[in-house]
Amino acid sequence: MSSLRVSAPLLDAYLSYFEHKRLPFTIPGHKQRASRIDADLGLVVDSDTPLYGGLDEIKLSNHVLKRAEALAATLWGADYARFSTGGSTHANQAIILALGKPGDKVALSRTAHRSVLSALVLAGLEPIWLSPEIDAATGVPIGIPVSEFEKIIDQKPIALLLTEPGYLGTLSDLPALIESAHAHAIPVIVDAAWGGHFGFSSLVPKHCLALGADALITSTHKALPGYSASALLIAQGKYLNLDRIEQSFETTHTTSPAGAPLASIDGCRALLQTRGQELISQLVEDVAAFKKEVQSHFDLPIFLNPSDFPVDRFDSTKIVLRANQLGANGVAIEKALQSQFIRVEMADSDTVVFLATLADSKVEFDALAEVLIPILKEELSAARKTATSLSWSVTPSVALSMRDAYFAETEMVAAAQAVGRISADLIAPYPPGVAVVAPGELLTKVIIEGLAATKAAGVRIAYATDPTLASYRVVKS
Ligand SMILES: Cc1ncc(COP(=O)(O)O)c(C=O)c1O
């Protein structure tokens, strides 16, 4: 254990597991010695150990997970915390299943990730969609206006579900939304998949629980240096039933959680607790210096910056390149970077998103700038207006409940014949995984032509039954 670190029960248990000789007659079947029978397989599995019979005894008698989760709850100032090995996808499912009963309605940001929509189908909840406001200057969604939420309160949503920060780093006016929801005793659940670092440095926005929200879901493998698919679900008991959340968390989680993702969540928590302020502030400074250096080669503003938005409404660790300001195509920039082994988190024609985390330093930003600047100079052309991405601009037209459409009999029809039909698929450019059409919604000309154009521009269109988009899966008429 590093002498600088505060106690991290799961991380310590993971490290000490491998210090002892063992003779397991239990799962996992690789028994940490698969390399005996296949060296390559062994490379992948021999450092794996589960929670049950690994980080803790099979009967969890040492309460290692419970102790680690309690430390996380305390750090975020909450009543309850759970660690998931199933990503924010699972954490979203767990909380949504615990909210109400089939037929209940929830107010939901249209920028929600597909995992939230799938969870609504599972839980039988129906969405009341809330559209984000689009910033006129930059063309990006800047959150749900309070007025958008207040105009649907009479439809009696049982919860308000938000995605904060959004994929491009912007945030709603959370204190105002939370105050409005709580005035009607409506709990506020925030999918903060990309905001795990929030609240641990004065240079990034506060986390949503500190602003009064009732639940926070975050992927510790996104903005934080956690293991793939590790995630945290943190909640307050005032407006939410924590016993129900516990039950639905267990209902939907694997019964054999891997130890490494759990230990990494514990390690991320300890890191934030001891060095969050220092590391996140350094990251913000490094990101600002990187943007300044790249920007100095161009006239028009080419990045989203905190100064573009009201205070605390933008994640200052975010690097979002506005390719349209350069007259360039974001997907072409992505390809040019890829040819030099640099991967980006997301690219569409107008935008390229680079994910910067605590694992980056000036060395990586300098290396990126060195490759990026010549590419951008090469791609430079006349600036064009932002064509707001399809994911942010479609106004959904609901014809059938999402759950009914999901379970309905369906058929495939050619794209030209699909206009006016009810989609059975959720279809989303990925990233960001935000639905352009959800099950039960009408396929319009704007959607079908927009999806074809987005695909032709080089963006991956996910979850369509026919990925070529030549045909669509629709509800049988
Ligand atoms: C807003 C949001 N929520 C949830 C998820 C799902 O997270 P995970 O991949 O950890 O399951 C994502 C993934 O990109 C996301 O962007």
# chains A, B, ... in the order shown; residues from 1 in each chain; ligands from 1
>>> residues_around(residues="Ile158 in chain A", least_positions_apart="5", cutoff="9 Å", atoms="only C-alpha atoms", output="PyMOL selection string")
chain A and resi 99-100+104-107+185-187
>>> write_last_selection(atoms="N, CA and C atoms", output="compact mmCIF listing (two decimals), in the first residue's frame")
# COMPACT_ATOMS: atom_id res chain seq x y z
N LEU A 99 -37.78 3.51 -8.70
CA LEU A 99 -38.49 4.79 -8.55
C LEU A 99 -40.01 4.66 -8.37
N GLY A 100 -40.64 3.79 -9.15
CA GLY A 100 -42.10 3.78 -9.11
C GLY A 100 -42.65 2.45 -9.56
N ASP A 104 -46.04 4.77 -14.37
CA ASP A 104 -45.66 6.08 -13.81
C ASP A 104 -44.83 6.86 -14.84
N LYS A 105 -44.85 8.19 -14.69
CA LYS A 105 -44.10 9.03 -15.64
C LYS A 105 -42.90 9.67 -14.96
N VAL A 106 -41.83 9.83 -15.74
CA VAL A 106 -40.67 10.57 -15.24
C VAL A 106 -40.33 11.69 -16.22
N ALA A 107 -39.92 12.84 -15.67
CA ALA A 107 -39.45 13.94 -16.52
C ALA A 107 -38.00 13.65 -16.86
N ALA A 185 -41.77 17.99 -4.09
CA ALA A 185 -41.30 16.71 -3.52
C ALA A 185 -40.91 15.70 -4.61
N ILE A 186 -40.40 16.21 -5.73
CA ILE A 186 -39.97 15.33 -6.83
C ILE A 186 -38.46 15.11 -6.69
N PRO A 187 -38.00 13.85 -6.57
CA PRO A 187 -36.56 13.62 -6.47
C PRO A 187 -35.83 13.89 -7.77
>>> residues_around(residues="range 331-334 of chain A", least_positions_apart="4", cutoff="8 Å", atoms="only C-alpha atoms", output="JSON, numbers by chain")
{"A": [338, 343, 344, 347, 348, 349, 352, 375, 376, 379, 457, 458, 459]}
>>> write_last_selection(atoms="N, CA, C and O atoms", output="short mmCIF file (atom, residue, chain, number, x, y, z; two decimals), in the first residue's frame")
data_model
loop_
_atom_site.label_atom_id
_atom_site.label_comp_id
_atom_site.auth_asym_id
_atom_site.auth_seq_id
_atom_site.Cartn_x
_atom_site.Cartn_y
_atom_site.Cartn_z
N GLN A 338 -5.90 9.60 -35.97
CA GLN A 338 -5.84 8.13 -35.82
C GLN A 338 -4.63 7.56 -36.56
O GLN A 338 -3.99 6.64 -36.09
N ARG A 343 -6.24 8.68 -30.48
CA ARG A 343 -7.67 8.42 -30.53
C ARG A 343 -8.42 9.52 -29.80
O ARG A 343 -7.95 10.00 -28.77
N VAL A 344 -9.58 9.87 -30.34
CA VAL A 344 -10.40 10.88 -29.66
C VAL A 344 -11.66 10.21 -29.13
O VAL A 344 -12.03 9.12 -29.57
N ALA A 347 -16.13 12.22 -32.52
CA ALA A 347 -16.00 13.21 -33.59
C ALA A 347 -17.23 13.17 -34.47
O ALA A 347 -17.72 12.09 -34.82
N ASP A 348 -17.78 14.33 -34.78
CA ASP A 348 -18.75 14.43 -35.87
C ASP A 348 -18.29 15.58 -36.75
O ASP A 348 -17.21 16.12 -36.54
N SER A 349 -19.09 15.98 -37.75
CA SER A 349 -18.52 16.94 -38.69
C SER A 349 -18.14 18.26 -38.04
O SER A 349 -17.16 18.88 -38.41
N VAL A 352 -15.02 17.79 -32.28
CA VAL A 352 -14.17 16.68 -31.85
C VAL A 352 -14.01 16.80 -30.34
O VAL A 352 -13.69 17.88 -29.83
N ILE A 375 -2.28 19.35 -38.37
CA ILE A 375 -3.49 18.77 -38.99
C ILE A 375 -4.54 19.86 -39.16
O ILE A 375 -5.17 19.99 -40.21
N LEU A 376 -4.74 20.66 -38.13
CA LEU A 376 -5.77 21.71 -38.21
C LEU A 376 -5.40 22.73 -39.27
O LEU A 376 -6.27 23.23 -40.01
N GLU A 379 -6.32 21.34 -42.58
CA GLU A 379 -7.77 21.23 -42.81
C GLU A 379 -8.45 22.60 -42.87
O GLU A 379 -9.64 22.69 -43.19
N ALA A 457 -21.30 11.25 -43.15
CA ALA A 457 -20.20 12.11 -42.70
C ALA A 457 -19.17 11.33 -41.89
O ALA A 457 -18.19 11.89 -41.42
N GLY A 458 -19.41 10.02 -41.70
CA GLY A 458 -18.39 9.19 -41.04
C GLY A 458 -18.67 8.90 -39.58
O GLY A 458 -17.82 8.35 -38.88
N VAL A 459 -19.88 9.26 -39.08
CA VAL A 459 -20.22 9.01 -37.68
C VAL A 459 -20.83 7.61 -37.57
O VAL A 459 -21.61 7.21 -38.45
#
>>> residues_near_ligand(ligand="ligand 1", cutoff="9 Å", atoms="only C-alpha atoms and all ligand atoms", output="number ranges by chain")
A: 85-92, 111-116, 163-167, 191-194, 217-222, 228-231, 430-434
>>> closest_atom_pairs(of="range 231-294 of chain A", to="range 26-42 of chain A", cutoff="12 Å", atoms="only C-alpha atoms", output="tab-separated table")
residue	atom	partner	partner_atom	distance
A:Thr255	CA	A:Ile27	CA	11.8
A:Ser256	CA	A:Pro28	CA	8.9
A:Pro257	CA	A:Pro28	CA	10.6
A:Ala258	CA	A:Pro28	CA	9.5
A:Gly259	CA	A:Pro28	CA	11.2
>>> write_last_selection(atoms="C-alpha atoms", output="PDB file, in the first residue's frame")
ATOM      1  CA  THR A 255     -23.738 -12.176  -8.538  1.00  0.00           C
ATOM      2  CA  SER A 256     -20.013 -12.593  -9.292  1.00  0.00           C
ATOM      3  CA  PRO A 257     -18.522  -9.083  -9.322  1.00  0.00           C
ATOM      4  CA  ALA A 258     -14.886  -8.874 -10.397  1.00  0.00           C
ATOM      5  CA  GLY A 259     -12.547  -7.523  -7.757  1.00  0.00           C
TER       6      GLY A 259
END
>>> atom_distance(atom1="CA of Tyr14 in chain A", atom2="CA of Leu358 in chain A")
22.2 Å
>>> decode(residues="range 175-190 of chain A", atoms="all heavy atoms", output="tab-separated table (two decimals), in the first residue's frame")
chain	number	residue	atom	x	y	z
A	175	PRO	N	-28.96	24.15	-9.40
A	175	PRO	CA	-29.62	24.58	-8.16
A	175	PRO	C	-31.07	24.99	-8.40
A	175	PRO	O	-31.96	24.65	-7.62
A	175	PRO	CB	-28.75	25.77	-7.70
A	175	PRO	CG	-27.40	25.50	-8.30
A	175	PRO	CD	-27.68	24.83	-9.62
A	176	ALA	N	-31.33	25.70	-9.52
A	176	ALA	CA	-32.69	26.16	-9.79
A	176	ALA	C	-33.62	24.98	-10.11
A	176	ALA	O	-34.77	24.92	-9.63
A	176	ALA	CB	-32.68	27.15	-10.95
A	177	LEU	N	-33.13	24.01	-10.89
A	177	LEU	CA	-33.96	22.84	-11.23
A	177	LEU	C	-34.28	22.01	-9.98
A	177	LEU	O	-35.41	21.55	-9.79
A	177	LEU	CB	-33.23	21.96	-12.24
A	177	LEU	CG	-33.34	22.37	-13.71
A	177	LEU	CD1	-32.33	21.58	-14.56
A	177	LEU	CD2	-34.76	22.13	-14.23
A	178	ILE	N	-33.26	21.84	-9.14
A	178	ILE	CA	-33.45	21.02	-7.92
A	178	ILE	C	-34.46	21.71	-7.00
A	178	ILE	O	-35.36	21.07	-6.44
A	178	ILE	CB	-32.09	20.77	-7.23
A	178	ILE	CG1	-31.21	19.88	-8.12
A	178	ILE	CG2	-32.28	20.13	-5.85
A	178	ILE	CD1	-29.74	19.83	-7.73
A	179	GLU	N	-34.32	23.03	-6.87
A	179	GLU	CA	-35.25	23.75	-6.00
A	179	GLU	C	-36.68	23.61	-6.51
A	179	GLU	O	-37.62	23.34	-5.75
A	179	GLU	CB	-34.84	25.24	-5.97
A	179	GLU	CG	-35.60	26.02	-4.91
A	179	GLU	CD	-35.30	27.51	-4.98
A	179	GLU	OE1	-34.27	27.91	-5.56
A	179	GLU	OE2	-36.14	28.26	-4.47
A	180	SER	N	-36.83	23.72	-7.83
A	180	SER	CA	-38.16	23.62	-8.41
A	180	SER	C	-38.75	22.21	-8.21
A	180	SER	O	-39.92	22.05	-7.84
A	180	SER	CB	-38.06	23.96	-9.90
A	180	SER	OG	-39.26	23.73	-10.53
A	181	ALA	N	-37.92	21.18	-8.42
A	181	ALA	CA	-38.42	19.80	-8.26
A	181	ALA	C	-38.77	19.53	-6.80
A	181	ALA	O	-39.83	18.95	-6.49
A	181	ALA	CB	-37.36	18.81	-8.75
A	182	HIS	N	-37.90	19.94	-5.91
A	182	HIS	CA	-38.14	19.67	-4.49
A	182	HIS	C	-39.35	20.43	-3.96
A	182	HIS	O	-40.00	19.97	-3.00
A	182	HIS	CB	-36.88	20.00	-3.67
A	182	HIS	CG	-35.82	18.93	-3.80
A	182	HIS	ND1	-34.60	19.02	-3.22
A	182	HIS	CD2	-35.83	17.74	-4.47
A	182	HIS	CE1	-33.87	17.93	-3.51
A	182	HIS	NE2	-34.60	17.16	-4.28
A	183	ALA	N	-39.68	21.54	-4.58
A	183	ALA	CA	-40.88	22.27	-4.16
A	183	ALA	C	-42.12	21.41	-4.35
A	183	ALA	O	-43.16	21.61	-3.72
A	183	ALA	CB	-41.00	23.57	-4.95
A	184	HIS	N	-42.02	20.41	-5.25
A	184	HIS	CA	-43.12	19.47	-5.48
A	184	HIS	C	-42.78	18.07	-4.96
A	184	HIS	O	-43.40	17.08	-5.38
A	184	HIS	CB	-43.45	19.40	-6.98
A	184	HIS	CG	-43.92	20.70	-7.52
A	184	HIS	ND1	-43.06	21.69	-7.95
A	184	HIS	CD2	-45.16	21.20	-7.67
A	184	HIS	CE1	-43.74	22.73	-8.35
A	184	HIS	NE2	-45.03	22.47	-8.20
A	185	ALA	N	-41.77	17.99	-4.09
A	185	ALA	CA	-41.30	16.71	-3.52
A	185	ALA	C	-40.91	15.70	-4.61
A	185	ALA	O	-41.09	14.49	-4.45
A	185	ALA	CB	-42.34	16.13	-2.58
A	186	ILE	N	-40.40	16.21	-5.73
A	186	ILE	CA	-39.97	15.33	-6.83
A	186	ILE	C	-38.46	15.11	-6.69
A	186	ILE	O	-37.69	16.08	-6.68
A	186	ILE	CB	-40.28	15.96	-8.20
A	186	ILE	CG1	-41.80	16.12	-8.37
A	186	ILE	CG2	-39.69	15.15	-9.35
A	186	ILE	CD1	-42.20	16.92	-9.60
A	187	PRO	N	-38.00	13.85	-6.57
A	187	PRO	CA	-36.56	13.62	-6.47
A	187	PRO	C	-35.83	13.89	-7.77
A	187	PRO	O	-36.40	13.71	-8.86
A	187	PRO	CB	-36.46	12.13	-6.10
A	187	PRO	CG	-37.74	11.52	-6.55
A	187	PRO	CD	-38.79	12.60	-6.52
A	188	VAL	N	-34.58	14.32	-7.65
A	188	VAL	CA	-33.77	14.64	-8.83
A	188	VAL	C	-32.62	13.63	-8.92
A	188	VAL	O	-31.80	13.53	-8.01
A	188	VAL	CB	-33.20	16.07	-8.73
A	188	VAL	CG1	-32.37	16.40	-9.98
A	188	VAL	CG2	-34.32	17.08	-8.54
A	189	ILE	N	-32.61	12.87	-10.02
A	189	ILE	CA	-31.59	11.83	-10.24
A	189	ILE	C	-30.67	12.36	-11.34
A	189	ILE	O	-31.14	12.70	-12.42
A	189	ILE	CB	-32.23	10.53	-10.79
A	189	ILE	CG1	-33.55	10.19	-10.10
A	189	ILE	CG2	-31.25	9.38	-10.81
A	189	ILE	CD1	-33.46	9.80	-8.70
A	190	VAL	N	-29.38	12.38	-11.07
A	190	VAL	CA	-28.46	12.95	-12.06
A	190	VAL	C	-27.52	11.87	-12.58
A	190	VAL	O	-26.74	11.29	-11.82
A	190	VAL	CB	-27.67	14.13	-11.46
A	190	VAL	CG1	-26.72	14.71	-12.51
A	190	VAL	CG2	-28.63	15.21	-10.95
